[in-house]
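Encoded as structure tokens, the structure appears first; notes follow it.
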Amino acid sequence: MIHFSNAISDAVVATVCIVVFFKYFAYLPFYNRLLWGVFLVTVSLAAAAGVFRYLGYVQIIDTHRSLSTLAGSVGLTCVVVAIWGLVMRQTIPRSTFIITIAIGLILFVFLLYPAFQVFDSVVQALTMLLVMLIAVFGLLRKYQKAIWIVIGVMILGIATKLVGNHLPLNATDTYHYALAAMVWCFGKAV
């Protein structure tokens with residue numbers, strides 16, 4: 001089934017991820033930049049696969065699900081550590097990068113199993129909570145740009161909650177645009 005609006009909103013997410021990486025994260029220390037890159041690339045790949053899925057290419061549905069799970073495991077693990085490094089103004093060492101990727105890949109493998117797929121939303125909610133706590137901690141430490149992280153997480157959280165329950169908007173499009181806005185806000189936090 002073809003959903004042009006979903007394909008367009010997924011294309012916006014993929015484009016915003018690429019633009020934000022090169023505009024905001026290009027000058028960070030190497031492993032910090034790699035963590036942001038893994039997060040943005042996994043989200044961008046999932047969104048690109050979503051474009052084709054929503055344009056009616058049914059053979060890519062499983063690939064889209066797998067890439068979305070990759071973004072929801074490896075990508076989210078990387079963004080938590082990347083935000084920690086940003087807010088604490090720390091250069092992430094190679095060992096932390098490797099451990100982060102390893103934890104994300106283990107989480108990815110578990111979330112691929114049908115019995116564990118119910119935990120996908122739990123991982124996303126926990127990640128949003130961790131990111132918000134890190135950002136608030138950064139604000140307490142006088143890192144004023146952490147407010148952009150708080151705003152980004154709030155945009156995504158409000159969009160996912162309101163649309164499903166209170167507004168007659170397309171939930172998928174709203175989620176995609178909120179995700180793009182969150183990524184842009186994360187870039188503004190640099």
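Starting from 1 in every chain, residues are counted up; chains themselves are A, B, ... following the order of the structure tokens, and ligands are numbered from 1 as listed.
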Members of chain A assigned helix (DSSP H, G or I) by DSSP, as number ranges by chain: A: 4-24, 30-54, 58-87, 94-112, 114-140, 146-165, 171-188
Using only C-alpha atoms, find each residue in stretch 41-85 of chain A having at least one atom no more than 8 Å away from stretch 124-147 of chain A; report its shortest atom-to-atom pair and that distance in Å (one decimal), rows by chain then rising number, as JSON lines.
```
{"residue": "A:Gly72", "atom": "CA", "partner": "A:Gln124", "partner_atom": "CA", "distance": 6.7}
{"residue": "A:Leu76", "atom": "CA", "partner": "A:Thr127", "partner_atom": "CA", "distance": 6.7}
{"residue": "A:Thr77", "atom": "CA", "partner": "A:Thr127", "partner_atom": "CA", "distance": 7.8}
{"residue": "A:Val80", "atom": "CA", "partner": "A:Val131", "partner_atom": "CA", "distance": 5.9}
{"residue": "A:Ile83", "atom": "CA", "partner": "A:Val131", "partner_atom": "CA", "distance": 7.1}
{"residue": "A:Trp84", "atom": "CA", "partner": "A:Ile134", "partner_atom": "CA", "distance": 6.4}
```
Using only C-alpha atoms, which protein or nucleic acid residues come within 9 Å of A:Leu40? Drop anything in the same chain fewer than 5 positions from it, and give the result as a PDB file with N, CA, C and O atoms, in the first residue's frame.
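Generated output (selection_11.pdb):
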```
ATOM      1  N   ALA A  14      15.557  11.358   6.994  1.00  0.00           N
ATOM      2  CA  ALA A  14      16.855  10.953   6.449  1.00  0.00           C
ATOM      3  C   ALA A  14      17.695  12.169   6.064  1.00  0.00           C
ATOM      4  O   ALA A  14      18.890  12.232   6.369  1.00  0.00           O
ATOM      5  N   CYS A  17      18.943  14.105   9.201  1.00  0.00           N
ATOM      6  CA  CYS A  17      20.050  13.394   9.860  1.00  0.00           C
ATOM      7  C   CYS A  17      21.380  13.682   9.169  1.00  0.00           C
ATOM      8  O   CYS A  17      22.386  13.955   9.832  1.00  0.00           O
ATOM      9  N   ILE A  18      21.394  13.634   7.860  1.00  0.00           N
ATOM     10  CA  ILE A  18      22.628  13.867   7.108  1.00  0.00           C
ATOM     11  C   ILE A  18      23.082  15.321   7.251  1.00  0.00           C
ATOM     12  O   ILE A  18      24.249  15.600   7.521  1.00  0.00           O
ATOM     13  N   VAL A  20      22.314  17.526   9.616  1.00  0.00           N
ATOM     14  CA  VAL A  20      22.705  17.833  10.990  1.00  0.00           C
ATOM     15  C   VAL A  20      24.097  17.288  11.292  1.00  0.00           C
ATOM     16  O   VAL A  20      24.903  17.959  11.938  1.00  0.00           O
ATOM     17  N   PHE A  21      24.396  16.084  10.802  1.00  0.00           N
ATOM     18  CA  PHE A  21      25.721  15.528  11.071  1.00  0.00           C
ATOM     19  C   PHE A  21      26.817  16.434  10.522  1.00  0.00           C
ATOM     20  O   PHE A  21      27.759  16.780  11.230  1.00  0.00           O
ATOM     21  N   LEU A  35      30.127   8.278  17.521  1.00  0.00           N
ATOM     22  CA  LEU A  35      28.886   7.923  18.233  1.00  0.00           C
ATOM     23  C   LEU A  35      27.687   8.648  17.623  1.00  0.00           C
ATOM     24  O   LEU A  35      26.656   8.033  17.360  1.00  0.00           O
ATOM     25  N   LEU A  45      19.279   5.440   7.729  1.00  0.00           N
ATOM     26  CA  LEU A  45      19.055   4.213   6.944  1.00  0.00           C
ATOM     27  C   LEU A  45      17.651   3.660   7.148  1.00  0.00           C
ATOM     28  O   LEU A  45      17.001   3.223   6.187  1.00  0.00           O
ATOM     29  N   ALA A  71      18.375   1.023  14.620  1.00  0.00           N
ATOM     30  CA  ALA A  71      18.367   2.411  15.100  1.00  0.00           C
ATOM     31  C   ALA A  71      17.866   2.486  16.540  1.00  0.00           C
ATOM     32  O   ALA A  71      18.339   3.309  17.325  1.00  0.00           O
ATOM     33  N   GLY A  75      21.736   2.561  17.667  1.00  0.00           N
ATOM     34  CA  GLY A  75      21.646   4.015  17.533  1.00  0.00           C
ATOM     35  C   GLY A  75      21.319   4.704  18.848  1.00  0.00           C
ATOM     36  O   GLY A  75      21.940   5.704  19.210  1.00  0.00           O
ATOM     37  N   VAL A  79      23.550   7.292  21.119  1.00  0.00           N
ATOM     38  CA  VAL A  79      23.145   8.669  21.395  1.00  0.00           C
ATOM     39  C   VAL A  79      23.198   8.973  22.887  1.00  0.00           C
ATOM     40  O   VAL A  79      23.519  10.101  23.281  1.00  0.00           O
ATOM     41  N   VAL A 183      16.259  15.597  16.201  1.00  0.00           N
ATOM     42  CA  VAL A 183      17.633  15.495  15.677  1.00  0.00           C
ATOM     43  C   VAL A 183      18.211  16.891  15.462  1.00  0.00           C
ATOM     44  O   VAL A 183      19.372  17.153  15.791  1.00  0.00           O
TER      45      VAL A 183
END
```
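Distance check against A:Val118 using only C-alpha atoms: of A:Asp10, A:Ser95, A:Thr69, A:Thr15, the minimum falls on A:Thr69.
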